[in-house]
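Chemist: This structure is in structure tokens; I'll ask about it shortly.
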Amino acid sequence: MYHICVMPLETSQYLINNTEGSYIDCTFGGGGHTSYLLNKFEKIKIIAFDWDEDATNRFLEIKKNFNNRVVFIRDNFKNIKNALAEININKVDGILADIGVSSKQLDDLDRGFSFNSDVVDMRMDKRNALTAKEIINSYSRDDLADIFYKYGQEYKSRQIADAISLRRKRGIINTALELKDIVCSVKRPQGKVNPATKVFQALRIFVNDELANLETLLSGAPGLLNQGGRIVLISFHSLEDRIVKQDFKKNASDGKYKILTKKVITASQEEINVNPRSRSAKIRAAEKIINA
Ligand SMILES: C[S@@+](CC[C@H](N)C(=O)[O-])C[C@H]1O[C@@H](n2cnc3c(N)ncnc32)[C@H](O)[C@@H]1O
């Protein structure tokens, strides 16, 4: 299984305001949301983005089901404005982004996202140069501590950075398993959560420049939406959700957006039972106001 998409019904209810419109799926992944939307609304078209080669291959598998109603662009979603201009599209009726990693990325041990991976890579787009391995083996102790604190809110960031610096004296850290063990040597387990979770999250966000990509996407979105067009963001941790919330609030106070989700939308208990990864998903949605 590539990925189970989260809250497809809720996503479609917030996203689709024109049942014959054109939409962007910024994060195609396994194509779960794209397929759901194309099946449910037979006259819409989707331009799908993802920067991961595996998503490209997945697209090739499923595109035959939808003929010319979906196209795929392998690019960072921060570049959507230019990428759309190249195919002569200026505006769309909705933008969906389901940010973070797919289950396939997490589960593939050669990608380095999970604790027992054989590598420490964490690039979602392997065309980018910077890997988590380079960071943990070459960044200064202070820079490592800052990354763990800023992107993982890791309260033991300095002690963990010290332990990594010390361990480096014995040779290169090659696997995620080794990194996890270093973190666990200074941090005890609390409940069911692995002590290395925040360090892994921080490295992943940093390697993929995730927060800056999200900010660029959000700042360009009002200019890409038709009047009445919708933006739907699904995020998985508080740093991202805060950025989305603040962006929507600012655009609402500037008269560009009407916020559709006064309270954040979360998955039902039924969905969490079937797909535990949906537990931390949060949907926020806004509509571009007519004549804004
Ligand atoms: C949670 S998965 C999306 C799953 C998808 N909605 C589905 O139903 O299968 C996130 C996807 O977004 C992609 N992604 C994350 N950041 C990206 C970016 N800045 N540009 C393009 N794709 C990105 C990842 O490669 C991953 O495939």
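Residues are named by chain letter and number: chains run A, B, ... in the order of the structure tokens, numbers start at 1 in each chain, and ligands are numbered from 1 in the order shown.
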Excluding Thr56 in chain A and its own-chain neighbours fewer than 3 positions away, which residues fall within 9 Å of it when counting only C-alpha atoms? Please give them as number ranges by chain.
Modeler: A: 28-29, 49-53, 59-61, 72-74
Chemist: Could you take the residues named above and write them with C-alpha atoms, as a short mmCIF file (atom, residue, chain, number, x, y, z; two decimals), in the first residue's frame?
Modeler:
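Written output follows (again.cif):
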data_model
loop_
_atom_site.label_atom_id
_atom_site.label_comp_id
_atom_site.auth_asym_id
_atom_site.auth_seq_id
_atom_site.Cartn_x
_atom_site.Cartn_y
_atom_site.Cartn_z
CA PHE A 28 0.23 13.85 -5.19
CA GLY A 29 2.04 11.12 -3.18
CA PHE A 49 2.63 18.13 -8.18
CA ASP A 50 5.13 16.05 -6.25
CA TRP A 51 8.91 16.21 -6.20
CA ASP A 52 9.49 12.54 -5.36
CA GLU A 53 10.43 10.12 -8.14
CA PHE A 59 1.23 8.73 -11.34
CA LEU A 60 2.18 6.75 -14.45
CA GLU A 61 0.38 3.72 -12.97
CA PHE A 72 1.64 15.59 -13.31
CA ILE A 73 4.52 17.97 -12.74
CA ARG A 74 7.58 16.76 -10.84
#
Chemist: Output as an MDAnalysis selection string all residues of range 33-274 of chain A that backbone DSSP marks as strand (DSSP E or B).
Modeler: chainID A and resid 45:50 70:74 92:98 190 193 225:235 257:259 265:266
Chemist: If you measure from CA of Asp125 in chain A to CA of Ile205 in chain A, what distance in Å do you get, rounded to one decimal?
Modeler: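 Result for CA of Asp125 in chain A versus CA of Ile205 in chain A: 12.8 Å, one decimal.
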Chemist: Which of these, A:Arg170, A:Lys262, A:Val244, A:Gly228, has the shortest distance to Leu15 in chain A once you count only C-alpha atoms?
Modeler: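 Under the stated criterion, the closest residue is A:Gly228.
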Chemist: Skip range 62-68 of chain A itself and residues of its chain fewer than 2 positions away, then list as a list in words all residues within 10 Å of it, counting only C-alpha atoms.
Modeler: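 Here the answer would be Gly30, Gly31, Ser35, Leu38, Asn39, Glu42, Lys45, Ile46, Asn57, Arg58, Phe59, Leu60, Val70, Val71 and Phe72 of chain A.
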Chemist: Counting only C-alpha atoms, figure out which residue out of A:Leu9, A:Val186, A:Ile289, A:Leu225 gets nearest to Ile24 in chain A.
Modeler: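 Selected residue with least distance to Ile24 in chain A: A:Leu225.
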Chemist: Determine, counting only C-alpha atoms, which protein, DNA and RNA residues have an atom within 9 Å of an atom of range 98-110 of chain A; residues of the same chain fewer than 4 positions away are not included. Present the result as a PDB file with C-alpha atoms, in the first residue's frame.
Modeler:
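Result written to out09.pdb:
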ATOM      1  CA  MET A   1       0.000   0.000   0.000  1.00  0.00           C
ATOM      2  CA  TYR A   2       1.490   3.361  -1.079  1.00  0.00           C
ATOM      3  CA  HIS A   3      -0.481   5.602   1.280  1.00  0.00           C
ATOM      4  CA  ILE A   4      -4.000   5.827   2.737  1.00  0.00           C
ATOM      5  CA  CYS A   5      -5.231   9.359   2.100  1.00  0.00           C
ATOM      6  CA  VAL A   6      -6.590  11.217   5.104  1.00  0.00           C
ATOM      7  CA  ASP A  25      -3.010  18.782  -5.808  1.00  0.00           C
ATOM      8  CA  CYS A  26       0.359  20.057  -4.534  1.00  0.00           C
ATOM      9  CA  THR A  27       1.254  16.727  -2.903  1.00  0.00           C
ATOM     10  CA  PHE A  28       0.231  13.853  -5.188  1.00  0.00           C
ATOM     11  CA  GLY A  29       2.044  11.117  -3.177  1.00  0.00           C
ATOM     12  CA  GLY A  30       0.165   7.872  -3.872  1.00  0.00           C
ATOM     13  CA  HIS A  33      -6.779  12.457  -2.905  1.00  0.00           C
ATOM     14  CA  ASP A  54       8.278   7.393  -6.562  1.00  0.00           C
ATOM     15  CA  SER A 114      12.187   5.811   9.925  1.00  0.00           C
ATOM     16  CA  PHE A 115      14.181   4.773  12.991  1.00  0.00           C
ATOM     17  CA  ASN A 116      15.302   1.412  11.662  1.00  0.00           C
ATOM     18  CA  SER A 117      16.439   2.642   8.226  1.00  0.00           C
ATOM     19  CA  ASP A 118      19.720   1.478   6.753  1.00  0.00           C
ATOM     20  CA  VAL A 119      20.641   5.061   5.810  1.00  0.00           C
ATOM     21  CA  VAL A 120      20.139   8.601   7.147  1.00  0.00           C
ATOM     22  CA  ASP A 121      18.982  10.414   4.026  1.00  0.00           C
ATOM     23  CA  MET A 122      15.480  11.949   4.422  1.00  0.00           C
ATOM     24  CA  MET A 124      11.947  13.640  -0.442  1.00  0.00           C
ATOM     25  CA  ILE A 205      11.921  19.428   8.087  1.00  0.00           C
ATOM     26  CA  GLU A 210       9.517  22.210   4.592  1.00  0.00           C
ATOM     27  CA  LEU A 214       4.893  25.959   2.841  1.00  0.00           C
ATOM     28  CA  VAL A 232      -7.292  23.326   1.733  1.00  0.00           C
ATOM     29  CA  LEU A 233      -4.251  22.504   3.843  1.00  0.00           C
ATOM     30  CA  ILE A 234      -3.743  19.231   5.677  1.00  0.00           C
ATOM     31  CA  SER A 235      -0.887  19.401   8.160  1.00  0.00           C
ATOM     32  CA  PHE A 236       0.535  16.977  10.685  1.00  0.00           C
ATOM     33  CA  GLU A 240       2.986  23.771  10.065  1.00  0.00           C
ATOM     34  CA  ARG A 277      -1.575   8.075  10.913  1.00  0.00           C
ATOM     35  CA  ILE A 283      -7.501  20.457   7.942  1.00  0.00           C
TER      36      ILE A 283
END
Chemist: In range 21-85 of chain A, what's helix (DSSP H, G or I) per DSSP? Answer as a compact mmCIF listing (two decimals) with N, CA and C atoms, in the first residue's frame?
Modeler:
# COMPACT_ATOMS: atom_id res chain seq x y z
N GLY A 32 -3.93 9.34 -3.75
CA GLY A 32 -5.18 9.02 -3.06
C GLY A 32 -6.21 10.13 -3.17
N HIS A 33 -5.82 11.35 -2.82
CA HIS A 33 -6.78 12.46 -2.91
C HIS A 33 -7.15 12.74 -4.36
N THR A 34 -6.14 12.76 -5.23
CA THR A 34 -6.41 13.04 -6.64
C THR A 34 -7.42 12.04 -7.20
N SER A 35 -7.20 10.74 -6.94
CA SER A 35 -8.10 9.71 -7.49
C SER A 35 -9.51 9.88 -6.91
N TYR A 36 -9.57 10.10 -5.61
CA TYR A 36 -10.88 10.27 -4.96
C TYR A 36 -11.66 11.42 -5.60
N LEU A 37 -10.96 12.54 -5.79
CA LEU A 37 -11.63 13.73 -6.33
C LEU A 37 -12.06 13.53 -7.78
N LEU A 38 -11.18 12.92 -8.57
CA LEU A 38 -11.50 12.70 -9.99
C LEU A 38 -12.65 11.72 -10.15
N ASN A 39 -12.72 10.73 -9.25
CA ASN A 39 -13.83 9.76 -9.31
C ASN A 39 -15.14 10.40 -8.89
N LYS A 40 -15.06 11.26 -7.88
CA LYS A 40 -16.29 11.82 -7.31
C LYS A 40 -16.87 12.96 -8.18
N GLU A 53 10.45 11.00 -6.96
CA GLU A 53 10.43 10.12 -8.14
C GLU A 53 9.40 8.99 -7.99
N ASP A 54 9.25 8.48 -6.77
CA ASP A 54 8.28 7.39 -6.56
C ASP A 54 6.86 7.86 -6.88
N ALA A 55 6.56 9.12 -6.55
CA ALA A 55 5.22 9.65 -6.84
C ALA A 55 5.04 9.76 -8.36
N THR A 56 6.12 10.10 -9.06
CA THR A 56 6.06 10.17 -10.52
C THR A 56 5.68 8.80 -11.09
N ASN A 57 6.33 7.77 -10.58
CA ASN A 57 6.04 6.42 -11.06
C ASN A 57 4.61 6.00 -10.72
N ARG A 58 4.18 6.39 -9.55
CA ARG A 58 2.82 6.08 -9.13
C ARG A 58 1.80 6.76 -10.06
N PHE A 59 2.11 8.01 -10.43
CA PHE A 59 1.23 8.73 -11.34
C PHE A 59 1.10 7.97 -12.67
N LEU A 60 2.21 7.47 -13.17
CA LEU A 60 2.18 6.75 -14.45
C LEU A 60 1.28 5.52 -14.36
N GLU A 61 1.24 4.90 -13.15
CA GLU A 61 0.38 3.72 -12.97
C GLU A 61 -1.11 4.09 -13.02
N ILE A 62 -1.47 5.24 -12.43
CA ILE A 62 -2.91 5.49 -12.29
C ILE A 62 -3.49 6.44 -13.35
N LYS A 63 -2.63 7.10 -14.13
CA LYS A 63 -3.17 8.13 -15.04
C LYS A 63 -4.10 7.55 -16.09
N LYS A 64 -3.89 6.27 -16.47
CA LYS A 64 -4.75 5.67 -17.50
C LYS A 64 -6.22 5.63 -17.09
N ASN A 65 -6.47 5.66 -15.77
CA ASN A 65 -7.86 5.63 -15.30
C ASN A 65 -8.59 6.93 -15.58
N ASN A 67 -7.66 9.41 -18.20
CA ASN A 67 -7.38 10.01 -19.50
C ASN A 67 -6.67 11.35 -19.35
N ASN A 68 -7.26 12.38 -19.98
CA ASN A 68 -6.57 13.67 -19.95
C ASN A 68 -7.07 14.59 -18.84
N ARG A 69 -7.70 14.01 -17.81
CA ARG A 69 -8.22 14.88 -16.74
C ARG A 69 -7.18 15.18 -15.67
N PHE A 77 6.40 22.24 -4.79
CA PHE A 77 5.18 23.05 -4.93
C PHE A 77 5.42 24.54 -4.69
N LYS A 78 6.60 24.89 -4.20
CA LYS A 78 6.85 26.33 -4.05
C LYS A 78 6.97 27.00 -5.44
N ASN A 79 7.16 26.16 -6.48
CA ASN A 79 7.32 26.71 -7.84
C ASN A 79 6.04 26.66 -8.66
N ILE A 80 4.89 26.47 -8.01
CA ILE A 80 3.70 26.20 -8.85
C ILE A 80 3.36 27.35 -9.79
N LYS A 81 3.58 28.58 -9.37
CA LYS A 81 3.18 29.70 -10.25
C LYS A 81 3.89 29.59 -11.60
N ASN A 82 5.21 29.44 -11.57
CA ASN A 82 5.98 29.36 -12.82
C ASN A 82 5.66 28.08 -13.59
N ALA A 83 5.50 26.97 -12.84
CA ALA A 83 5.21 25.70 -13.52
C ALA A 83 3.86 25.77 -14.24
N LEU A 84 2.88 26.44 -13.61
CA LEU A 84 1.57 26.56 -14.25
C LEU A 84 1.64 27.49 -15.45
N ALA A 85 2.41 28.57 -15.31
CA ALA A 85 2.54 29.52 -16.43
C ALA A 85 3.09 28.80 -17.66
Chemist: Could you state the separation of CA of Leu166 in chain A and CA of Val207 in chain A in Å, given to one decimal place?
Modeler: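 If I compute the distance from CA of Leu166 in chain A to CA of Val207 in chain A, I get 22.3 Å.
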Chemist: Would you work out the distance separating CA of Ile87 in chain A from CA of Tyr23 in chain A, expressed in Å to one decimal?
Modeler: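 One can read the CA of Ile87 in chain A to CA of Tyr23 in chain A distance as 13.9 Å.
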Chemist: Would you mind telling me which residue in A:Cys184, A:Thr266, A:Thr197, A:Ala48 lies nearest to Ala163 in chain A when using only C-alpha atoms?
Modeler: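 Comparing A:Cys184, A:Thr266, A:Thr197, A:Ala48 against Ala163 in chain A, the winner is A:Cys184.
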